[in-house]
>>> print(open('model_28.tsv').read())   # TSV, C-alpha atoms
chain	number	residue	atom	x	y	z
A	358	MET	CA	-60.10	28.12	-90.97
A	359	LEU	CA	-61.09	27.40	-87.37
A	360	LEU	CA	-58.93	28.56	-84.46
A	361	LEU	CA	-58.79	26.17	-81.50
A	362	VAL	CA	-57.55	28.15	-78.50
A	363	ASP	CA	-55.73	25.98	-75.97
A	364	ASN	CA	-56.44	27.42	-72.53
A	365	GLY	CA	-54.65	24.57	-70.78
A	366	SER	CA	-57.40	21.96	-70.52
A	367	VAL	CA	-56.24	18.35	-70.29
A	368	PHE	CA	-58.95	17.61	-72.89
A	369	THR	CA	-57.84	20.02	-75.64
A	370	GLY	CA	-56.04	17.20	-77.45
A	371	ASN	CA	-59.35	15.35	-77.74
A	372	ILE	CA	-60.86	18.33	-79.57
A	373	ALA	CA	-57.88	18.56	-81.93
A	374	GLU	CA	-57.98	14.80	-82.66
A	375	PHE	CA	-61.69	14.95	-83.44
A	376	LEU	CA	-61.34	17.97	-85.75
A	377	ALA	CA	-58.49	16.22	-87.59
A	378	LEU	CA	-60.53	13.00	-87.86
A	379	LYS	CA	-63.42	14.96	-89.39
A	380	LYS	CA	-60.99	16.73	-91.76
A	381	ILE	CA	-61.94	20.14	-90.40
A	382	LYS	CA	-59.22	22.65	-91.20
A	383	PHE	CA	-58.03	24.19	-87.92
A	384	GLN	CA	-55.04	25.65	-86.15
A	385	LEU	CA	-54.31	24.95	-82.48
A	386	VAL	CA	-52.78	27.95	-80.70
A	387	PRO	CA	-52.02	28.25	-76.98
A	388	PHE	CA	-53.69	31.33	-75.47
A	389	ASP	CA	-50.32	32.82	-74.52
A	390	ARG	CA	-49.19	32.76	-78.17
A	391	LEU	CA	-52.34	34.38	-79.51
A	392	TYR	CA	-52.51	38.05	-80.43
A	393	GLU	CA	-55.42	40.28	-81.45
A	394	ASP	CA	-53.89	40.73	-84.90
A	395	ASP	CA	-54.32	36.95	-85.42
A	396	PHE	CA	-58.11	36.98	-85.01
A	397	ALA	CA	-58.92	38.15	-88.54
A	398	LYS	CA	-57.12	35.14	-90.05
A	399	PHE	CA	-59.87	32.78	-88.81
A	400	ASN	CA	-63.55	32.39	-89.65
A	401	SER	CA	-64.53	30.55	-86.44
A	402	PHE	CA	-63.29	29.71	-82.96
A	403	ILE	CA	-63.36	27.05	-80.26
A	404	LEU	CA	-62.23	28.06	-76.76
A	405	SER	CA	-61.06	25.10	-74.67
A	406	GLY	CA	-61.44	24.65	-70.94
A	407	ARG	CA	-58.64	25.56	-68.54
A	408	ARG	CA	-56.77	24.21	-65.53
A	409	THR	CA	-55.83	27.42	-63.75
A	410	ASN	CA	-57.02	31.01	-63.64
A	411	ASN	CA	-54.87	33.48	-65.54
A	412	GLN	CA	-55.57	37.19	-66.14
A	413	HIS	CA	-53.88	37.22	-69.55
A	414	MET	CA	-55.94	34.16	-70.57
A	415	ASN	CA	-59.13	35.92	-69.52
A	416	ALA	CA	-58.20	39.10	-71.41
A	417	ILE	CA	-57.28	37.39	-74.69
A	418	ASN	CA	-60.37	35.12	-74.62
A	419	SER	CA	-62.65	38.12	-73.92
A	420	LYS	CA	-61.12	40.03	-76.83
A	421	LEU	CA	-61.65	37.01	-79.08
A	422	ILE	CA	-65.30	36.71	-77.96
A	423	ASN	CA	-65.89	40.40	-78.73
A	424	HIS	CA	-64.24	39.94	-82.14
A	425	SER	CA	-66.53	36.98	-82.81
A	426	ILE	CA	-69.62	38.99	-81.81
A	427	TYR	CA	-68.74	42.07	-83.87
A	428	GLU	CA	-67.55	40.13	-86.92
A	429	LYS	CA	-70.42	37.59	-86.68
A	430	LYS	CA	-68.07	34.60	-86.62
A	431	PRO	CA	-69.10	31.25	-85.07
A	432	LEU	CA	-67.63	30.50	-81.64
A	433	LEU	CA	-67.95	27.54	-79.27
A	434	GLY	CA	-66.79	28.10	-75.69
A	435	ILE	CA	-66.21	24.87	-73.77
A	436	CYS	CA	-66.43	24.86	-69.94
A	437	TYR	CA	-64.16	27.82	-69.10
A	438	GLY	CA	-64.91	29.04	-72.64
A	439	ALA	CA	-68.62	29.23	-71.76
A	440	GLU	CA	-67.84	30.92	-68.44
A	441	ILE	CA	-65.67	33.61	-70.05
A	442	LEU	CA	-68.36	34.08	-72.72
A	443	ALA	CA	-70.90	34.76	-69.98
A	444	LEU	CA	-68.55	37.11	-68.12
A	445	THR	CA	-67.63	39.00	-71.30
A	446	VAL	CA	-71.26	39.78	-72.16
A	447	GLY	CA	-72.48	40.71	-68.68
A	448	GLY	CA	-73.24	37.39	-66.99
A	449	THR	CA	-71.76	36.03	-63.77
A	450	ILE	CA	-70.17	32.80	-62.55
A	451	ARG	CA	-69.87	31.25	-59.09
A	452	LYS	CA	-67.94	28.48	-57.38
A	453	MET	CA	-70.07	25.37	-57.00
A	454	ASN	CA	-70.63	23.64	-53.65
A	455	ALA	CA	-69.14	20.44	-55.08
A	456	VAL	CA	-66.86	19.74	-58.04
A	457	GLN	CA	-68.75	18.24	-60.97
A	458	LYS	CA	-66.73	15.38	-62.43
A	459	GLY	CA	-67.92	12.46	-64.50
A	460	PRO	CA	-70.84	11.53	-66.74
A	461	GLY	CA	-74.03	13.56	-66.75
A	462	THR	CA	-77.19	14.14	-68.74
A	463	ILE	CA	-78.26	17.45	-70.26
A	464	LYS	CA	-81.82	18.28	-71.25
A	465	THR	CA	-82.19	20.79	-74.06
A	466	ILE	CA	-84.98	23.26	-73.38
A	467	ARG	CA	-84.85	25.33	-76.57
A	468	GLU	CA	-84.38	24.40	-80.20
A	469	ASN	CA	-80.84	25.00	-81.42
A	470	PRO	CA	-78.53	23.80	-84.23
A	471	LEU	CA	-76.16	21.87	-81.93
A	472	CYS	CA	-78.32	19.25	-80.21
A	473	SER	CA	-81.79	18.27	-79.05
A	474	GLY	CA	-83.50	16.11	-76.44
A	475	MET	CA	-81.44	14.42	-73.73
A	476	ILE	CA	-77.70	14.14	-74.31
A	477	ASN	CA	-74.96	12.33	-72.42
A	478	VAL	CA	-72.02	14.54	-71.51
A	479	TYR	CA	-68.91	14.65	-69.37
A	480	GLN	CA	-68.62	17.20	-66.54
A	481	SER	CA	-65.35	18.50	-65.12
A	482	HIS	CA	-65.78	21.89	-63.47
A	483	SER	CA	-65.98	23.61	-60.10
A	484	TYR	CA	-67.48	26.88	-61.37
A	485	GLU	CA	-70.76	27.48	-63.13
A	486	ILE	CA	-72.57	30.26	-64.92
A	487	SER	CA	-74.91	31.77	-62.33
A	488	GLN	CA	-76.54	34.59	-64.33
A	489	LEU	CA	-76.73	34.97	-68.09
A	490	GLY	CA	-77.05	38.70	-68.51
A	491	LYS	CA	-79.42	40.10	-71.12
A	492	HIS	CA	-77.76	38.81	-74.31
A	493	LEU	CA	-77.41	35.08	-73.57
A	494	VAL	CA	-80.12	32.51	-74.20
A	495	HIS	CA	-80.57	29.42	-72.01
A	496	LEU	CA	-80.59	26.29	-74.23
A	497	GLY	CA	-79.90	23.34	-71.91
A	498	GLU	CA	-79.64	22.30	-68.27
A	499	SER	CA	-78.80	19.40	-65.96
A	500	ALA	CA	-79.81	18.37	-62.47
A	501	ASN	CA	-76.65	20.03	-61.06
A	502	CYS	CA	-76.18	23.04	-63.31
A	503	ARG	CA	-78.85	25.32	-64.75
A	504	TYR	CA	-76.92	26.87	-67.65
A	505	GLU	CA	-75.24	23.91	-69.33
A	506	LEU	CA	-75.78	25.13	-72.88
A	507	ILE	CA	-76.05	28.80	-73.87
A	508	GLN	CA	-76.18	30.97	-76.98
A	509	TYR	CA	-75.41	34.62	-77.62
A	510	LYS	CA	-78.69	36.09	-78.93
A	511	ASP	CA	-79.58	34.35	-82.21
A	512	SER	CA	-75.96	34.13	-83.38
A	513	GLU	CA	-73.69	31.16	-84.02
A	514	ILE	CA	-71.93	31.80	-80.69
A	515	PHE	CA	-72.44	29.05	-78.10
A	516	GLY	CA	-71.12	27.87	-74.76
A	517	THR	CA	-71.18	24.46	-73.09
A	518	GLN	CA	-70.54	24.20	-69.36
A	519	PHE	CA	-69.69	20.52	-69.96
A	520	HIS	CA	-66.91	18.98	-72.08
A	521	PRO	CA	-68.43	17.85	-75.40
A	522	GLU	CA	-65.09	16.42	-76.51
A	523	MET	CA	-65.45	13.55	-74.03
A	524	THR	CA	-68.65	11.74	-75.18
A	525	ASP	CA	-70.21	10.64	-78.47
A	526	ASP	CA	-73.20	12.98	-77.95
A	527	GLY	CA	-70.82	15.81	-77.18
A	528	LEU	CA	-68.66	15.13	-80.25
A	529	LYS	CA	-71.83	15.42	-82.32
A	530	ILE	CA	-72.23	18.94	-80.87
A	531	ILE	CA	-68.71	19.84	-82.06
A	532	GLU	CA	-69.48	18.33	-85.47
A	533	ASN	CA	-72.75	20.29	-85.69
A	534	PHE	CA	-70.92	23.46	-84.69
A	535	ALA	CA	-68.30	22.83	-87.40
A	536	SER	CA	-71.10	22.41	-89.97
A	537	LEU	CA	-72.18	26.01	-89.23
A	538	ILE	CA	-68.79	27.24	-90.39
A	539	SER	CA	-69.30	26.28	-94.03
A	540	PHE	CA	-72.42	28.47	-94.15
A	541	ASN	CA	-70.64	31.48	-92.64
A	542	THR	CA	-69.72	34.07	-95.25
A	543	LYS	CA	-66.78	35.60	-93.34
>>> encode(input="model_28.tsv", output="structure tokens")
Amino acid sequence: MLLLVDNGSVFTGNIAEFLALKKIKFQLVPFDRLYEDDFAKFNSFILSGRRTNNQHMNAINSKLINHSIYEKKPLLGICYGAEILALTVGGTIRKMNAVQKGPGTIKTIRENPLCSGMINVYQSHSYEISQLGKHLVHLGESANCRYELIQYKDSEIFGTQFHPEMTDDGLKIIENFASLISFNTK
């Protein structure tokens, strides 16, 4: 079963609706009701975006990312989820000069199982990943943000700086991510 962690994004409901529409078995749990003991119950994870910064949110999401890495479980970090992925594995983030809000186009620069070519996405963030660290791979970029799509080594752990739940191309990314779950043996 997939765990959808609600970090307070106004778009988390869109992810849940899409997963339900695609008949993907999942459980939606707010970050403040999630405990480390719960992690083993799930075979994959989606981390939503957020509205506000919260130390407890950061700690629980980092622990979940480490669990995913060590247990080799698929994970998709969306917006904040990608940022906390980068921070957890040695990357950095920075505040952008201008808030990114609205439609955008991402160009994939490396083959990956989630998407290819040019994709239409929705941006809603004021921070961005500024350095990947040595374990993250750069998969896609836009005119305004270099690290739009990232992957942890050659694993099934990904991050999107954009909100895939808000466009058809982005929903295809979530669907492609969910298709990885059935091949995972955990």
>>> closest_atom_pairs(input="model_28.tsv", of="range 437-506 of chain A", to="range 427-432 of chain A", cutoff="12 Å", atoms="only C-alpha atoms", output="tab-separated table")
residue	atom	partner	partner_atom	distance
A:Gly438	CA	A:Leu432	CA	9.5
A:Ala439	CA	A:Leu432	CA	10.0
A:Leu442	CA	A:Leu432	CA	9.6
>>> write_last_selection(input="model_28.tsv", atoms="C-alpha atoms", output="PDB file, keeping the file's coordinate frame")
ATOM      1  CA  GLY A 438     -64.910  29.040 -72.640  1.00  0.00           C
ATOM      2  CA  ALA A 439     -68.620  29.230 -71.760  1.00  0.00           C
ATOM      3  CA  LEU A 442     -68.360  34.080 -72.720  1.00  0.00           C
TER       4      LEU A 442
END
>>> atom_distance(input="model_28.tsv", atom1="CA of Asn400 in chain A", atom2="CA of Val367 in chain A")
25.0 Å
>>> residues_around(input="model_28.tsv", residues="range 488-499 of chain A", least_positions_apart="2", cutoff="6 Å", atoms="only C-alpha atoms", output="list in words")
Gly447, Gly448, Thr449, Ile463, Lys464, Thr465, Ile466, Arg467, Ile486, Asn501, Cys502, Arg503, Tyr504, Glu505, Leu506, Ile507, Gln508, Tyr509 and Lys510 of chain A
>>> residues_around(input="model_28.tsv", residues="range 368-379 of chain A", least_positions_apart="2", cutoff="6 Å", atoms="all atoms listed in the file", output="ChimeraX atom specification")
/A:366,381,522
>>> closest_atom_pairs(input="model_28.tsv", of="range 464-515 of chain A", to="range 413-422 of chain A", cutoff="12 Å", atoms="only C-alpha atoms", output="JSON lines")
{"residue": "A:Tyr509", "atom": "CA", "partner": "A:Ile422", "partner_atom": "CA", "distance": 10.3}
{"residue": "A:Glu513", "atom": "CA", "partner": "A:Ile422", "partner_atom": "CA", "distance": 11.7}
{"residue": "A:Ile514", "atom": "CA", "partner": "A:Ile422", "partner_atom": "CA", "distance": 8.7}
{"residue": "A:Phe515", "atom": "CA", "partner": "A:Ile422", "partner_atom": "CA", "distance": 10.5}
>>> atom_distance(input="model_28.tsv", atom1="CA of Gly516 in chain A", atom2="CA of Leu360 in chain A")
15.6 Å
>>> residues_around(input="model_28.tsv", residues="Lys529 in chain A", least_positions_apart="4", cutoff="12 Å", atoms="only C-alpha atoms", output="PyMOL selection string")
chain A and resi 372+375-376+379+470-473+476-478+520-525+533-536
>>> atom_distance(input="model_28.tsv", atom1="CA of Ile538 in chain A", atom2="CA of Ser401 in chain A")
6.7 Å
>>> closest_residue(input="model_28.tsv", among="A:Val362, A:Leu444, A:Met475, A:Ala397", to="Gly527 in chain A", atoms="all atoms listed in the file")
A:Met475
>>> closest_residue(input="model_28.tsv", among="A:Thr517, A:Asn364, A:Asn410, A:Glu532", to="Phe388 in chain A", atoms="only C-alpha atoms")
A:Asn364
>>> closest_residue(input="model_28.tsv", among="A:Ile426, A:Ile435, A:Phe519, A:Thr445", to="Gly459 in chain A", atoms="all atoms listed in the file")
A:Phe519
>>> residues_near_point(input="model_28.tsv", point="(-70.2, 21.5, -63.8)", cutoff="7 Å", atoms="only C-alpha atoms", output="PyMOL selection string")
chain A and resi 456-457+480-485+502+518-519
>>> closest_residue(input="model_28.tsv", among="A:Tyr479, A:Leu537, A:Glu393, A:Ala455", to="Leu359 in chain A", atoms="only C-alpha atoms")
A:Leu537
>>> residues_near_point(input="model_28.tsv", point="(-59.9, 27.9, -76.7)", cutoff="6 Å", atoms="all atoms listed in the file", output="CSV table (one decimal) with C-alpha atoms, in the frame of the given file")
chain,number,residue,atom,x,y,z
A,361,LEU,CA,-58.8,26.2,-81.5
A,362,VAL,CA,-57.6,28.2,-78.5
A,363,ASP,CA,-55.7,26.0,-76.0
A,364,ASN,CA,-56.4,27.4,-72.5
A,403,ILE,CA,-63.4,27.0,-80.3
A,404,LEU,CA,-62.2,28.1,-76.8
A,405,SER,CA,-61.1,25.1,-74.7
>>> decode(input="model_28.tsv", residues="range 362-489 of chain A", atoms="C-alpha atoms", output="compact mmCIF listing (two decimals), in the first residue's frame")
# COMPACT_ATOMS: atom_id res chain seq x y z
CA VAL A 362 1.89 12.10 3.46
CA ASP A 363 -0.12 15.32 3.75
CA ASN A 364 2.34 18.10 4.55
CA GLY A 365 -0.34 20.77 4.29
CA SER A 366 -0.34 21.52 0.56
CA VAL A 367 -3.58 22.90 -0.85
CA PHE A 368 -3.09 20.39 -3.70
CA THR A 369 -2.88 17.17 -1.63
CA GLY A 370 -6.55 16.44 -2.30
CA ASN A 371 -5.80 16.39 -6.04
CA ILE A 372 -3.23 13.63 -5.49
CA ALA A 373 -5.66 11.61 -3.37
CA GLU A 374 -8.46 12.00 -5.95
CA PHE A 375 -6.18 10.86 -8.75
CA LEU A 376 -4.92 7.82 -6.83
CA ALA A 377 -8.52 6.84 -6.02
CA LEU A 378 -9.56 7.33 -9.67
CA LYS A 379 -6.74 5.03 -10.78
CA LYS A 380 -7.72 2.49 -8.09
CA ILE A 381 -4.31 2.70 -6.45
CA LYS A 382 -4.52 1.47 -2.88
CA PHE A 383 -3.27 4.24 -0.59
CA GLN A 384 -3.67 5.79 2.83
CA LEU A 385 -3.60 9.56 3.37
CA VAL A 386 -1.96 10.52 6.67
CA PRO A 387 -1.19 14.05 7.89
CA PHE A 388 2.50 14.42 8.79
CA ASP A 389 1.65 15.22 12.42
CA ARG A 390 -0.16 11.87 12.79
CA LEU A 391 2.65 9.82 11.28
CA TYR A 392 5.10 7.86 13.40
CA GLU A 393 8.27 5.96 12.51
CA ASP A 394 6.63 2.69 13.53
CA ASP A 395 4.08 3.25 10.72
CA PHE A 396 6.67 3.27 7.91
CA ALA A 397 7.02 -0.51 7.63
CA LYS A 398 3.29 -0.89 6.88
CA PHE A 399 3.76 0.72 3.43
CA ASN A 400 5.62 -0.32 0.30
CA SER A 401 5.86 3.17 -1.24
CA PHE A 402 5.44 6.85 -0.42
CA ILE A 403 4.37 10.19 -1.85
CA LEU A 404 5.34 13.34 0.07
CA SER A 405 3.08 16.30 -0.69
CA GLY A 406 4.06 19.94 -0.82
CA ARG A 407 3.58 22.23 2.17
CA ARG A 408 2.26 25.67 3.09
CA THR A 409 4.43 26.51 6.08
CA ASN A 410 7.77 25.46 7.49
CA ASN A 411 7.60 23.14 10.49
CA GLN A 412 10.51 21.41 12.26
CA HIS A 413 8.47 18.32 13.15
CA MET A 414 7.34 18.05 9.50
CA ASN A 415 10.95 18.23 8.34
CA ALA A 416 12.07 15.59 10.86
CA ILE A 417 9.34 13.05 10.06
CA ASN A 418 9.74 13.49 6.27
CA SER A 419 13.55 13.06 6.56
CA LYS A 420 13.09 9.88 8.59
CA LEU A 421 10.65 8.57 5.98
CA ILE A 422 13.12 9.37 3.16
CA ASN A 423 15.89 7.51 4.99
CA HIS A 424 13.54 4.56 5.53
CA SER A 425 12.73 4.57 1.82
CA ILE A 426 16.43 4.63 0.89
CA TYR A 427 17.47 1.86 3.29
CA GLU A 428 14.46 -0.37 2.57
CA LYS A 429 14.59 0.32 -1.21
CA LYS A 430 10.97 1.48 -1.34
CA PRO A 431 9.70 3.84 -4.08
CA LEU A 432 9.18 7.46 -3.04
CA LEU A 433 7.97 10.55 -4.90
CA GLY A 434 8.62 13.91 -3.23
CA ILE A 435 6.50 16.73 -4.63
CA CYS A 436 7.72 20.36 -4.33
CA TYR A 437 8.59 20.50 -0.61
CA GLY A 438 8.93 16.71 -0.83
CA ALA A 439 11.72 17.14 -3.41
CA GLU A 440 13.35 19.88 -1.33
CA ILE A 441 13.39 17.77 1.85
CA LEU A 442 14.71 14.83 -0.21
CA ALA A 443 17.61 17.00 -1.37
CA LEU A 444 18.29 18.31 2.15
CA THR A 445 18.13 14.82 3.67
CA VAL A 446 20.79 13.42 1.32
CA GLY A 447 23.22 16.35 1.42
CA GLY A 448 21.83 18.85 -1.08
CA THR A 449 20.82 22.45 -0.45
CA ILE A 450 17.85 24.71 -1.18
CA ARG A 451 17.54 28.48 -1.52
CA LYS A 452 14.81 31.11 -1.63
CA MET A 453 14.09 32.17 -5.20
CA ASN A 454 14.17 35.81 -6.33
CA ALA A 455 10.54 35.53 -7.43
CA VAL A 456 7.73 33.13 -6.52
CA GLN A 457 7.06 30.60 -9.27
CA LYS A 458 3.32 30.24 -9.74
CA GLY A 459 1.44 29.01 -12.78
CA PRO A 460 2.03 26.87 -15.85
CA GLY A 461 5.53 25.96 -16.96
CA THR A 462 7.43 23.60 -19.22
CA ILE A 463 10.03 21.08 -18.09
CA LYS A 464 12.64 19.56 -20.38
CA THR A 465 13.86 16.11 -19.38
CA ILE A 466 17.61 15.77 -19.82
CA ARG A 467 18.09 12.15 -18.78
CA GLU A 468 16.11 9.01 -19.46
CA ASN A 469 13.90 8.01 -16.54
CA PRO A 470 10.76 5.91 -15.91
CA LEU A 471 8.50 8.89 -15.07
CA CYS A 472 8.53 11.09 -18.19
CA SER A 473 10.41 12.14 -21.30
CA GLY A 474 10.72 15.09 -23.67
CA MET A 475 8.96 18.36 -22.86
CA ILE A 476 6.17 18.25 -20.29
CA ASN A 477 3.65 20.84 -19.15
CA VAL A 478 3.58 21.34 -15.39
CA TYR A 479 2.25 23.65 -12.70
CA GLN A 480 4.66 25.62 -10.51
CA SER A 481 3.88 26.90 -7.02
CA HIS A 482 7.02 27.45 -4.97
CA SER A 483 9.32 30.13 -3.61
CA TYR A 484 12.25 27.82 -2.79
CA GLU A 485 14.30 25.65 -5.11
CA ILE A 486 16.93 22.97 -4.91
CA SER A 487 20.25 24.76 -5.39
CA GLN A 488 22.74 21.89 -5.06
CA LEU A 489 22.07 18.18 -5.42
